[in-house]
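Here's structure33.cif, which has mmCIF, C-alpha atoms:
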data_work
#
loop_
_atom_site.group_PDB
_atom_site.id
_atom_site.type_symbol
_atom_site.label_atom_id
_atom_site.label_comp_id
_atom_site.auth_asym_id
_atom_site.auth_seq_id
_atom_site.Cartn_x
_atom_site.Cartn_y
_atom_site.Cartn_z
ATOM 1 C CA MET T 874 18.834 -7.306 38.573
ATOM 2 C CA ASN T 875 16.096 -9.871 38.030
ATOM 3 C CA THR T 876 13.101 -10.028 40.314
ATOM 4 C CA SER T 877 12.914 -13.351 42.164
ATOM 5 C CA PRO T 878 10.469 -15.886 40.676
ATOM 6 C CA SER T 879 8.127 -15.600 43.635
ATOM 7 C CA ARG T 880 8.135 -11.804 43.526
ATOM 8 C CA HIS T 881 7.524 -11.837 39.802
ATOM 9 C CA ALA T 882 4.600 -14.220 40.208
ATOM 10 C CA ASP T 883 3.172 -11.980 42.939
ATOM 11 C CA ALA T 884 3.517 -8.924 40.671
ATOM 12 C CA VAL T 885 1.690 -10.693 37.845
ATOM 13 C CA PHE T 886 -1.124 -11.821 40.161
ATOM 14 C CA ALA T 887 -1.489 -8.290 41.546
ATOM 15 C CA SER T 888 -1.607 -6.748 38.070
ATOM 16 C CA VAL T 889 -4.161 -9.223 36.734
ATOM 17 C CA HIS T 890 -6.519 -8.552 39.634
ATOM 18 C CA SER T 891 -5.966 -4.778 39.808
ATOM 19 C CA ASN T 892 -8.453 -2.147 38.632
ATOM 20 C CA THR T 893 -5.934 0.685 38.252
ATOM 21 C CA ALA T 894 -5.146 2.436 34.966
ATOM 22 C CA ALA T 895 -1.741 0.753 34.870
ATOM 23 C CA ALA T 896 -3.461 -2.620 34.965
ATOM 24 C CA ARG T 897 -5.305 -1.723 31.766
ATOM 25 C CA SER T 898 -2.079 -1.396 29.750
ATOM 26 C CA ARG T 899 -1.352 -3.664 26.790
ATOM 27 C CA LEU T 900 1.167 -5.597 28.877
ATOM 28 C CA ALA T 901 -1.339 -6.126 31.674
ATOM 29 C CA ALA T 902 -3.933 -7.195 29.109
ATOM 30 C CA SER T 903 -1.530 -9.866 27.878
ATOM 31 C CA TRP T 904 -0.836 -11.034 31.439
ATOM 32 C CA HIS T 905 -4.605 -11.144 31.969
ATOM 33 C CA ARG T 906 -5.071 -13.347 28.871
ATOM 34 C CA SER T 907 -2.207 -15.576 29.957
ATOM 35 C CA MET T 908 -3.625 -16.230 33.395
ATOM 36 C CA LEU T 909 -7.383 -16.049 33.006
ATOM 37 C CA SER T 910 -7.936 -17.089 29.372
ATOM 38 C CA HIS T 911 -5.120 -19.626 29.032
ATOM 39 C CA GLY T 912 -5.003 -20.795 32.653
ATOM 40 C CA LEU T 913 -1.252 -20.372 33.029
ATOM 41 C CA ASP T 914 0.685 -19.952 36.277
ATOM 42 C CA PRO T 915 3.520 -17.355 36.200
ATOM 43 C CA ALA T 916 5.564 -19.635 38.468
ATOM 44 C CA LEU T 917 5.312 -22.548 36.012
ATOM 45 C CA ASP T 918 8.751 -24.069 35.413
ATOM 46 C CA ALA T 919 7.928 -26.935 33.052
ATOM 47 C CA SER T 920 10.071 -27.632 29.999
ATOM 48 C CA GLN T 921 9.425 -25.687 26.799
ATOM 49 C CA PRO T 922 6.910 -27.471 24.508
ATOM 50 C CA HIS T 923 8.521 -28.711 21.278
ATOM 51 C CA LEU T 924 7.432 -30.183 17.971
ATOM 52 C CA THR T 925 9.798 -32.660 16.355
ATOM 53 C CA GLY T 926 10.096 -34.801 13.272
ATOM 54 C CA GLN T 927 7.143 -34.907 10.909
ATOM 55 C CA GLU T 928 5.121 -32.201 12.712
ATOM 56 C CA LEU T 929 7.981 -29.718 12.457
ATOM 57 C CA ALA T 930 8.663 -30.628 8.810
ATOM 58 C CA GLN T 931 4.995 -30.009 8.001
ATOM 59 C CA ARG T 932 5.182 -26.559 9.604
ATOM 60 C CA GLN T 933 8.283 -25.691 7.604
ATOM 61 C CA ASP T 934 6.738 -26.968 4.377
ATOM 62 C CA ALA T 935 3.559 -24.994 5.023
ATOM 63 C CA LEU T 936 5.551 -21.786 5.331
ATOM 64 C CA GLY T 937 7.175 -22.663 2.012
ATOM 65 C CA ARG T 938 8.247 -19.650 -0.008
ATOM 66 C CA VAL T 939 8.218 -17.302 2.986
ATOM 67 C CA LEU T 940 10.846 -19.450 4.691
ATOM 68 C CA ALA T 941 13.086 -19.358 1.603
ATOM 69 C CA ILE T 942 12.626 -15.618 1.113
ATOM 70 C CA ALA T 943 13.345 -14.944 4.782
ATOM 71 C CA ALA T 944 16.564 -16.979 4.962
ATOM 72 C CA PRO T 945 18.967 -14.382 3.467
ATOM 73 C CA GLU T 946 17.285 -11.637 5.484
ATOM 74 C CA LEU T 947 17.862 -13.621 8.676
ATOM 75 C CA ASP T 948 21.516 -13.913 7.701
ATOM 76 C CA CYS T 949 21.840 -10.155 7.220
ATOM 77 C CA LEU T 950 20.038 -9.364 10.459
ATOM 78 C CA PHE T 951 22.205 -11.816 12.375
ATOM 79 C CA GLU T 952 25.336 -10.153 10.997
ATOM 80 C CA LEU T 953 24.132 -6.917 12.597
ATOM 81 C CA VAL T 954 23.077 -8.236 16.006
ATOM 82 C CA GLY T 955 24.806 -11.580 16.486
ATOM 83 C CA SER T 956 28.088 -10.163 17.777
ATOM 84 C CA SER T 957 26.225 -8.434 20.608
ATOM 85 C CA GLY T 958 24.956 -11.732 21.979
ATOM 86 C CA CYS T 959 21.580 -11.745 20.234
ATOM 87 C CA GLY T 960 19.897 -14.578 18.386
ATOM 88 C CA VAL T 961 17.563 -14.307 15.401
ATOM 89 C CA VAL T 962 14.446 -16.482 15.252
ATOM 90 C CA LEU T 963 11.681 -17.034 12.693
ATOM 91 C CA THR T 964 8.398 -18.677 13.675
ATOM 92 C CA ASP T 965 5.293 -19.657 11.799
ATOM 93 C CA GLY T 966 1.957 -17.970 12.436
ATOM 94 C CA GLU T 967 1.320 -20.095 15.523
ATOM 95 C CA GLY T 968 4.611 -19.394 17.259
ATOM 96 C CA VAL T 969 6.529 -22.548 16.295
ATOM 97 C CA ILE T 970 10.212 -21.819 15.637
ATOM 98 C CA VAL T 971 11.046 -22.927 12.091
ATOM 99 C CA ASP T 972 14.467 -21.313 11.633
ATOM 100 C CA HIS T 973 17.043 -19.427 13.670
ATOM 101 C CA ARG T 974 20.527 -17.929 13.692
ATOM 102 C CA PHE T 975 22.743 -18.280 16.799
ATOM 103 C CA SER T 976 26.485 -17.933 17.197
ATOM 104 C CA ASP T 977 28.323 -21.129 18.138
ATOM 105 C CA ALA T 978 29.210 -19.582 21.493
ATOM 106 C CA ASP T 979 25.600 -18.668 22.303
ATOM 107 C CA LYS T 980 23.748 -21.599 20.751
ATOM 108 C CA SER T 981 23.604 -23.732 23.905
ATOM 109 C CA VAL T 982 22.413 -20.731 25.926
ATOM 110 C CA PHE T 983 19.538 -19.934 23.552
ATOM 111 C CA GLU T 984 18.522 -23.563 23.166
ATOM 112 C CA GLY T 985 18.613 -23.810 26.941
ATOM 113 C CA TRP T 986 16.162 -20.915 27.018
ATOM 114 C CA GLY T 987 13.871 -22.969 24.784
ATOM 115 C CA LEU T 988 14.601 -21.212 21.485
ATOM 116 C CA GLY T 989 15.529 -24.278 19.452
ATOM 117 C CA VAL T 990 13.816 -25.205 16.183
ATOM 118 C CA GLY T 991 10.434 -26.734 16.915
ATOM 119 C CA ALA T 992 9.871 -24.866 20.191
ATOM 120 C CA VAL T 993 6.341 -23.501 20.662
ATOM 121 C CA TRP T 994 6.150 -19.869 21.841
ATOM 122 C CA SER T 995 2.471 -19.091 21.451
ATOM 123 C CA GLU T 996 0.943 -16.865 24.112
ATOM 124 C CA ALA T 997 -1.510 -19.654 24.961
ATOM 125 C CA THR T 998 1.390 -21.991 25.697
ATOM 126 C CA VAL T 999 3.899 -19.844 27.627
ATOM 127 C CA GLY T 1000 2.056 -16.603 28.294
ATOM 128 C CA THR T 1001 3.290 -13.108 27.483
ATOM 129 C CA ASN T 1002 6.452 -13.254 25.359
ATOM 130 C CA GLY T 1003 7.772 -11.444 22.302
ATOM 131 C CA ILE T 1004 6.784 -14.076 19.761
ATOM 132 C CA GLY T 1005 3.421 -15.120 21.141
ATOM 133 C CA THR T 1006 2.207 -11.627 22.027
ATOM 134 C CA CYS T 1007 3.327 -10.268 18.643
ATOM 135 C CA ILE T 1008 1.238 -12.959 16.946
ATOM 136 C CA THR T 1009 -1.766 -12.527 19.228
ATOM 137 C CA GLU T 1010 -1.866 -8.730 18.851
ATOM 138 C CA GLU T 1011 -0.612 -8.715 15.228
ATOM 139 C CA ARG T 1012 1.805 -5.873 15.914
ATOM 140 C CA ALA T 1013 5.473 -5.279 16.679
ATOM 141 C CA VAL T 1014 6.231 -5.763 20.363
ATOM 142 C CA THR T 1015 9.175 -5.757 22.729
ATOM 143 C CA ILE T 1016 8.920 -7.842 25.878
ATOM 144 C CA HIS T 1017 11.816 -6.852 28.121
ATOM 145 C CA ARG T 1018 12.888 -9.215 30.884
ATOM 146 C CA ASP T 1019 10.307 -9.108 33.721
ATOM 147 C CA GLU T 1020 7.564 -8.094 31.276
ATOM 148 C CA HIS T 1021 7.382 -11.806 30.413
ATOM 149 C CA PHE T 1022 4.528 -13.712 32.046
ATOM 150 C CA LEU T 1023 6.518 -16.741 33.173
ATOM 151 C CA ALA T 1024 9.140 -16.050 35.817
ATOM 152 C CA ARG T 1025 11.519 -18.480 34.092
ATOM 153 C CA ASN T 1026 11.661 -16.194 31.018
ATOM 154 C CA THR T 1027 12.418 -12.918 32.797
ATOM 155 C CA GLY T 1028 16.119 -13.102 31.942
ATOM 156 C CA MET T 1029 15.391 -12.482 28.247
ATOM 157 C CA SER T 1030 14.614 -9.477 26.083
ATOM 158 C CA CYS T 1031 12.545 -10.316 22.995
ATOM 159 C CA ILE T 1032 11.942 -7.925 20.092
ATOM 160 C CA ASP T 1033 9.404 -9.037 17.485
ATOM 161 C CA ALA T 1034 7.559 -7.965 14.350
ATOM 162 C CA PRO T 1035 4.788 -9.774 12.454
ATOM 163 C CA ILE T 1036 5.075 -10.845 8.821
ATOM 164 C CA PHE T 1037 1.863 -10.801 6.782
ATOM 165 C CA GLY T 1038 1.270 -12.913 3.702
ATOM 166 C CA ALA T 1039 0.047 -11.773 0.306
ATOM 167 C CA ASP T 1040 -3.522 -12.402 1.507
ATOM 168 C CA GLY T 1041 -3.047 -10.073 4.481
ATOM 169 C CA GLN T 1042 -3.013 -12.847 7.077
ATOM 170 C CA LEU T 1043 -0.227 -13.157 9.610
ATOM 171 C CA VAL T 1044 2.035 -16.014 8.498
ATOM 172 C CA ALA T 1045 5.192 -15.576 10.569
ATOM 173 C CA ALA T 1046 6.946 -13.623 13.293
ATOM 174 C CA LEU T 1047 10.511 -12.361 13.294
ATOM 175 C CA ASP T 1048 12.261 -12.296 16.661
ATOM 176 C CA VAL T 1049 15.557 -11.064 18.041
ATOM 177 C CA SER T 1050 16.191 -12.374 21.550
ATOM 178 C CA SER T 1051 18.937 -11.610 24.048
ATOM 179 C CA ALA T 1052 19.652 -13.117 27.443
ATOM 180 C CA ARG T 1053 22.308 -10.514 28.282
ATOM 181 C CA ALA T 1054 21.859 -8.934 31.689
ATOM 182 C CA ASP T 1055 23.027 -5.561 30.370
ATOM 183 C CA GLN T 1056 20.512 -5.382 27.513
ATOM 184 C CA THR T 1057 18.783 -2.016 27.945
ATOM 185 C CA LYS T 1058 15.457 -0.727 26.675
ATOM 186 C CA ALA T 1059 17.352 1.841 24.588
ATOM 187 C CA ILE T 1060 19.246 -0.922 22.789
ATOM 188 C CA ASN T 1061 15.978 -2.798 22.370
ATOM 189 C CA GLY T 1062 14.534 0.243 20.606
ATOM 190 C CA LEU T 1063 17.354 0.291 18.066
ATOM 191 C CA ILE T 1064 17.025 -3.426 17.430
ATOM 192 C CA ALA T 1065 13.242 -3.077 17.096
ATOM 193 C CA GLU T 1066 13.714 -0.723 14.142
ATOM 194 C CA MET T 1067 15.908 -3.283 12.385
ATOM 195 C CA VAL T 1068 13.505 -6.134 13.111
ATOM 196 C CA ALA T 1069 10.536 -4.167 11.750
ATOM 197 C CA ARG T 1070 12.448 -3.219 8.603
ATOM 198 C CA VAL T 1071 13.547 -6.801 7.908
ATOM 199 C CA ALA T 1072 10.018 -8.125 8.539
ATOM 200 C CA ARG T 1073 8.609 -5.650 6.000
ATOM 201 C CA THR T 1074 11.316 -6.645 3.495
ATOM 202 C CA VAL T 1075 10.310 -10.297 3.771
ATOM 203 C CA GLU T 1076 6.654 -9.327 3.454
ATOM 204 C CA VAL T 1077 7.256 -7.190 0.353
ATOM 205 C CA ASN T 1078 9.468 -9.775 -1.360
ATOM 206 C CA ASN T 1079 6.887 -12.467 -0.712
ATOM 207 C CA PHE T 1080 4.119 -10.272 -2.102
ATOM 208 C CA ARG T 1081 6.102 -9.601 -5.279
ATOM 209 C CA ALA T 1082 6.809 -13.322 -5.661
ATOM 210 C CA SER T 1083 3.096 -14.059 -5.235
ATOM 211 C CA TYR T 1084 2.265 -11.953 -8.319
ATOM 212 C CA PRO T 1085 5.142 -12.702 -10.713
ATOM 213 C CA LYS T 1086 3.240 -11.577 -13.839
ATOM 214 C CA ALA T 1087 1.716 -8.412 -12.375
ATOM 215 C CA ARG T 1088 3.021 -4.869 -12.207
ATOM 216 C CA ILE T 1089 3.767 -4.018 -8.596
ATOM 217 C CA ILE T 1090 2.977 -0.407 -7.773
ATOM 218 C CA ILE T 1091 4.047 1.453 -4.660
ATOM 219 C CA ALA T 1092 0.756 3.119 -3.824
ATOM 220 C CA ASP T 1093 1.990 5.539 -1.172
ATOM 221 C CA GLN T 1094 5.183 7.466 -1.821
ATOM 222 C CA ASP T 1095 5.204 8.655 1.802
ATOM 223 C CA ASP T 1096 5.486 5.084 3.081
ATOM 224 C CA THR T 1097 9.202 4.787 3.868
ATOM 225 C CA SER T 1098 8.937 1.003 4.130
ATOM 226 C CA ASN T 1099 7.569 0.838 0.545
ATOM 227 C CA SER T 1100 5.148 -1.861 1.697
ATOM 228 C CA THR T 1101 1.932 -0.202 0.512
ATOM 229 C CA LEU T 1102 1.835 -2.249 -2.680
ATOM 230 C CA LEU T 1103 -0.765 -3.046 -5.315
ATOM 231 C CA ALA T 1104 -0.509 -5.814 -7.906
ATOM 232 C CA VAL T 1105 -1.967 -4.775 -11.286
ATOM 233 C CA ASP T 1106 -2.461 -7.187 -14.184
ATOM 234 C CA GLN T 1107 -2.109 -6.571 -17.923
ATOM 235 C CA ASP T 1108 -5.701 -5.371 -18.111
ATOM 236 C CA ASP T 1109 -5.123 -2.654 -15.509
ATOM 237 C CA VAL T 1110 -7.082 -4.566 -12.886
ATOM 238 C CA VAL T 1111 -5.809 -4.481 -9.318
ATOM 239 C CA ILE T 1112 -5.618 -8.142 -8.318
ATOM 240 C CA GLY T 1113 -3.794 -7.948 -5.004
ATOM 241 C CA ALA T 1114 -2.734 -5.627 -2.213
ATOM 242 C CA THR T 1115 -0.438 -5.870 0.778
ATOM 243 C CA ARG T 1116 -1.977 -5.610 4.219
ATOM 244 C CA ARG T 1117 -0.834 -1.992 4.521
ATOM 245 C CA ALA T 1118 -2.402 -1.168 1.137
ATOM 246 C CA ARG T 1119 -5.608 -2.955 2.116
ATOM 247 C CA LYS T 1120 -5.869 -0.748 5.181
ATOM 248 C CA ALA T 1121 -5.029 2.408 3.229
ATOM 249 C CA TYR T 1122 -7.697 1.804 0.587
ATOM 250 C CA GLY T 1123 -10.368 0.403 2.893
ATOM 251 C CA PHE T 1124 -10.268 -3.189 1.664
ATOM 252 C CA ALA T 1125 -10.728 -6.186 3.966
ATOM 253 C CA ILE T 1126 -7.361 -6.490 5.673
ATOM 254 C CA GLN T 1127 -7.091 -10.231 5.081
ATOM 255 C CA GLY T 1128 -8.505 -13.018 2.970
ATOM 256 C CA ALA T 1129 -9.251 -13.297 -0.744
ATOM 257 C CA PHE T 1130 -8.852 -10.019 -2.626
ATOM 258 C CA THR T 1131 -11.732 -8.869 -4.819
ATOM 259 C CA PRO T 1132 -10.255 -7.473 -8.065
ATOM 260 C CA ILE T 1133 -11.029 -3.867 -8.892
ATOM 261 C CA ALA T 1134 -10.398 -1.827 -12.018
ATOM 262 C CA ALA T 1135 -7.456 0.491 -11.519
ATOM 263 C CA SER T 1136 -9.470 3.343 -13.006
ATOM 264 C CA ASP T 1137 -12.146 2.834 -10.345
ATOM 265 C CA LEU T 1138 -9.581 2.800 -7.577
ATOM 266 C CA PHE T 1139 -7.948 5.919 -8.970
ATOM 267 C CA GLY T 1140 -11.160 7.890 -8.564
ATOM 268 C CA ARG T 1141 -11.543 7.101 -4.898
ATOM 269 C CA GLY T 1142 -10.612 9.703 -2.336
ATOM 270 C CA ASP T 1143 -9.902 7.452 0.638
ATOM 271 C CA GLY T 1144 -6.542 6.141 -0.566
ATOM 272 C CA PRO T 1145 -3.252 7.797 0.372
ATOM 273 C CA VAL T 1146 -2.566 8.930 -3.197
ATOM 274 C CA GLY T 1147 -4.124 8.447 -6.621
ATOM 275 C CA LEU T 1148 -3.162 5.240 -8.372
ATOM 276 C CA GLU T 1149 -2.209 7.132 -11.533
ATOM 277 C CA LYS T 1150 0.083 9.375 -9.510
ATOM 278 C CA ALA T 1151 1.709 6.315 -7.955
ATOM 279 C CA GLU T 1152 2.108 4.650 -11.359
ATOM 280 C CA ARG T 1153 3.590 7.791 -12.864
ATOM 281 C CA ALA T 1154 6.082 8.019 -10.004
ATOM 282 C CA ALA T 1155 7.063 4.360 -10.454
ATOM 283 C CA VAL T 1156 7.636 4.867 -14.200
ATOM 284 C CA VAL T 1157 9.632 8.052 -13.656
ATOM 285 C CA ARG T 1158 11.835 6.334 -11.081
ATOM 286 C CA ALA T 1159 12.499 3.445 -13.459
ATOM 287 C CA LEU T 1160 13.414 5.840 -16.269
ATOM 288 C CA VAL T 1161 15.736 7.817 -14.008
ATOM 289 C CA ARG T 1162 17.469 4.654 -12.824
ATOM 290 C CA ALA T 1163 17.835 3.556 -16.448
ATOM 291 C CA ASN T 1164 19.185 6.957 -17.538
ATOM 292 C CA ASN T 1165 16.060 7.355 -19.704
ATOM 293 C CA ASN T 1166 16.723 4.110 -21.550
ATOM 294 C CA VAL T 1167 13.189 2.823 -22.145
ATOM 295 C CA SER T 1168 14.278 -0.773 -22.740
ATOM 296 C CA ASP T 1169 16.193 -0.912 -19.457
ATOM 297 C CA ALA T 1170 13.349 0.801 -17.604
ATOM 298 C CA ALA T 1171 10.863 -1.713 -19.040
ATOM 299 C CA ARG T 1172 12.979 -4.595 -17.766
ATOM 300 C CA ASP T 1173 13.149 -2.963 -14.343
ATOM 301 C CA LEU T 1174 9.342 -2.676 -14.275
ATOM 302 C CA ASN T 1175 8.918 -6.218 -15.628
ATOM 303 C CA VAL T 1176 6.880 -5.055 -18.643
ATOM 304 C CA SER T 1177 7.519 -5.056 -22.377
ATOM 305 C CA ARG T 1178 9.023 -2.023 -24.103
ATOM 306 C CA ALA T 1179 5.787 -1.510 -26.050
ATOM 307 C CA THR T 1180 3.747 -1.642 -22.852
ATOM 308 C CA LEU T 1181 5.970 0.945 -21.217
ATOM 309 C CA TYR T 1182 5.629 3.253 -24.238
ATOM 310 C CA ARG T 1183 1.851 2.994 -23.953
ATOM 311 C CA ARG T 1184 2.009 3.757 -20.228
ATOM 312 C CA MET T 1185 4.291 6.723 -20.855
ATOM 313 C CA LYS T 1186 1.939 8.121 -23.477
ATOM 314 C CA ARG T 1187 -1.077 7.724 -21.192
ATOM 315 C CA LEU T 1188 0.794 9.350 -18.316
ATOM 316 C CA GLY T 1189 2.002 12.240 -20.435
ATOM 317 C CA LEU T 1190 5.676 11.268 -20.301
ATOM 318 C CA SER T 1191 7.896 11.776 -23.322
ATOM 319 C CA GLU T 1192 10.905 9.602 -24.028
#
Mind turning this structure into C-alpha cells?
Amino acid sequence: MNTSPSRHADAVFASVHSNTAAARSRLAASWHRSMLSHGLDPALDASQPHLTGQELAQRQDALGRVLAIAAPELDCLFELVGSSGCGVVLTDGEGVIVDHRFSDADKSVFEGWGLGVGAVWSEATVGTNGIGTCITEERAVTIHRDEHFLARNTGMSCIDAPIFGADGQLVAALDVSSARADQTKAINGLIAEMVARVARTVEVNNFRASYPKARIIIADQDDTSNSTLLAVDQDDVVIGATRRARKAYGFAIQGAFTPIAASDLFGRGDGPVGLEKAERAAVVRALVRANNNVSDAARDLNVSRATLYRRMKRLGLSE
C-alpha cells in the first residue's frame, strides 16, 4: 500500500537531514541531491515537463543511429514485459523520452504518469527516479515505488540501465516502468536483468556500426555480455574501445580514443586477457561456426580471405 503524499514527503525530509548510516545510502544521496542541490519539494504536484515540436525532433535527430539501432530491441523487450503491464521507454542522455512501447490498454495510464514522448525525467527536474538517477549515477538502477523523490511518482516501479556511445559517454537510458500495485522487488530484479542485457546489446551494435571497416575483437572472453570490445584497423592499430574495454585496459573511460598499436596493447599486463589470445579465440570461433570454411569465416569476421589466412598463420592456426 502506498504511503500518503504527506508521509512520503516527511520521510524524504527526515532522510535528507539525518546523519545515520541509512541516510548515507545511494538512495538517500539521490534524495539529498534532489532536495538540496536541485531545490525540489517531494510534495510537488506540478505537471510533468515536456518538450514538443522542433525541440523534441532535434533530440531525436541528435540520437540518430542509436535510436534506429535501439528500435528493434525495444520491440523485443516489450514482447517480453508488455503483457505484464509494463511499458518500455528510451530517453536521450538528458532524460528526455524519445521513444517508447506501451500496449493500447496501458498507453493512457503511462502517458498520465508523464511517460509520453518528449517528457523530461532528469533528476534535476523531477528528483530521484529510474531514468534520471540512472543517468546521473551512470549505472543500472531500480527505483521502486516510494523510493521515488516526488510523492506523485510513488505508484511506479522503474528499472533502468545506461547506454554508452562508442566514445564512452552516456548517450541514452533504457527504462521499463510499471504502475501495477502488485509489482514486487523480486519481479523487478528479473526485469532488471533483461533491461541490462538489452542496453548492452544496443551499445555493442552501435559500437560495431561506428567502426564499419574495423575488426571488432571481444577482448575479454569471461565477459558474458560480450561488450568488452576493441576496434582494430587494417594496420593492427586499436582505434576504438567500448566503455567496458576502456575501463579494463586503463584508458580514459570517455572522450576521443588515442590509437595504440595492437602489439603494444598485447604486451600490457593490466588488461583482462592478451589481445592476441582474444584475436585467436575470435578466429577460432569464426572457423568453428563456418565448419572450417575459411571463406565463410572471413565473411563472418568482415575481412578478406587473404587477410584471414595471414592472421591464421601468425596465430599458429592451420586450415
Open item on the list: Translate the PyMOL selection byres ((chain T and resi 969) around 12) into a concrete residue list for this structure, as a PyMOL selection string.
Closed with: chain T and resi 921-925+928-933+935-936+962-968+970-973+987-996+998-999+1004-1005+1008+1044-1048
TODO: Any chance you could resolve the PyMOL selection byres ((chain T and resi 1033) around 6) against this file and give the residues as a ChimeraX atom specification?
DONE: /T:1003,1013-1014,1032,1034,1047-1048
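Distance annotation: of T:Arg1053, T:Val1110, T:Ala1087, T:Pro915, the residue with the minimal separation from His1021 in chain T is T:Pro915; atom set is only C-alpha atoms.
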Open item on the list: Which residues, named as in the file, does the PyMOL selection byres ((chain T and resi 1117) around 10) pick out? Answer as a ChimeraX atom specification.
Closed with: /T:1037,1041,1092-1093,1096,1099-1103,1114-1116,1118-1124,1126
Task: Ala978 in chain T environment, 12 Å, all atoms listed in the file, sequence neighbours closer than 2 positions dropped, as a PyMOL selection string - done: chain T and resi 955-960+974-976+980-984
TODO: Tell me, in Å to one decimal, how far CA of Thr1001 in chain T is from CA of Phe1022 in chain T.
DONE: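 About the pair CA of Thr1001 in chain T and CA of Phe1022 in chain T: they are 4.8 Å apart.
Going from CA of Ala1104 in chain T to CA of Leu1190 in chain T covers 22.0 Å.
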Open item on the list: Between CA of Leu1043 in chain T and CA of Glu1011 in chain T, what distance in Å does the model show, to one decimal?
Closed with: 7.2 Å
Task: Expected residue set, 10 Å radius at (8.7, -18.0, 31.5), all atoms listed in the file, as a list in words - done: Pro878, Asp914, Pro915, Ala916, Leu917, Asp918, Ala919, Ser920, Gln921, Trp986, Gly987, Val999, Gly1000, Thr1001, Asn1002, Arg1018, Asp1019, Glu1020, His1021, Phe1022, Leu1023, Ala1024, Arg1025, Asn1026, Thr1027, Gly1028 and Met1029 of chain T
Save out the residues we just selected, C-alpha atoms, as a compact mmCIF listing (two decimals), keeping the file's coordinate frame.
# COMPACT_ATOMS: atom_id res chain seq x y z
CA PRO T 878 10.47 -15.89 40.68
CA ASP T 914 0.68 -19.95 36.28
CA PRO T 915 3.52 -17.36 36.20
CA ALA T 916 5.56 -19.64 38.47
CA LEU T 917 5.31 -22.55 36.01
CA ASP T 918 8.75 -24.07 35.41
CA ALA T 919 7.93 -26.94 33.05
CA SER T 920 10.07 -27.63 30.00
CA GLN T 921 9.43 -25.69 26.80
CA TRP T 986 16.16 -20.92 27.02
CA GLY T 987 13.87 -22.97 24.78
CA VAL T 999 3.90 -19.84 27.63
CA GLY T 1000 2.06 -16.60 28.29
CA THR T 1001 3.29 -13.11 27.48
CA ASN T 1002 6.45 -13.25 25.36
CA ARG T 1018 12.89 -9.22 30.88
CA ASP T 1019 10.31 -9.11 33.72
CA GLU T 1020 7.56 -8.09 31.28
CA HIS T 1021 7.38 -11.81 30.41
CA PHE T 1022 4.53 -13.71 32.05
CA LEU T 1023 6.52 -16.74 33.17
CA ALA T 1024 9.14 -16.05 35.82
CA ARG T 1025 11.52 -18.48 34.09
CA ASN T 1026 11.66 -16.19 31.02
CA THR T 1027 12.42 -12.92 32.80
CA GLY T 1028 16.12 -13.10 31.94
CA MET T 1029 15.39 -12.48 28.25
TODO: Have a look at T:Met1067, T:Val1105, T:Ala1154, T:Leu913 and name the one nearest to Leu1138 in chain T; count all atoms listed in the file.
DONE: T:Val1105
Listing only residues of range 986-1096 of chain T within 12 Å of range 1156-1161 of chain T, what is the closest atom pair and its distance in Å (to one decimal) for each, using all atoms listed in the file, sorted by chain and residue number ascending, as a Markdown table?
| residue | atom | partner | partner_atom | distance |
| --- | --- | --- | --- | --- |
| T:Arg1088 | CA | T:Val1156 | CA | 11.0 |
| T:Ile1089 | CA | T:Val1156 | CA | 11.2 |
| T:Ile1090 | CA | T:Val1156 | CA | 9.5 |
| T:Ile1091 | CA | T:Val1156 | CA | 10.7 |
| T:Gln1094 | CA | T:Arg1158 | CA | 11.5 |
Output as JSON the centre and edge lengths (Å, one decimal) of the box along x, y and z of the file that holds every listed atom of range 1043-1055 of chain T after adding 3 Å on each side.
{"center_x": 11.4, "center_y": -10.8, "center_z": 20.1, "size_x": 29.3, "size_y": 16.5, "size_z": 29.2}
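Minimum atom-to-atom distance to Val1071 in chain T, evaluated using only C-alpha atoms, belongs to T:Cys949 out of T:Ala1059, T:Ala1125, T:Cys949, T:Met1185.
For the set T:Asp1169, T:Glu952, T:Asp1109, T:Asp1040, the residue with the smallest atom-to-atom gap to Glu1152 in chain T is T:Asp1109, counting only C-alpha atoms.
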Open item on the list: For Asn892 in chain T, find every residue with an atom within 12 Å (counting all atoms listed in the file), except residues of its own chain fewer than 6 positions away, and show them as a PyMOL selection string.
Closed with: chain T and resi 898+901-902+905
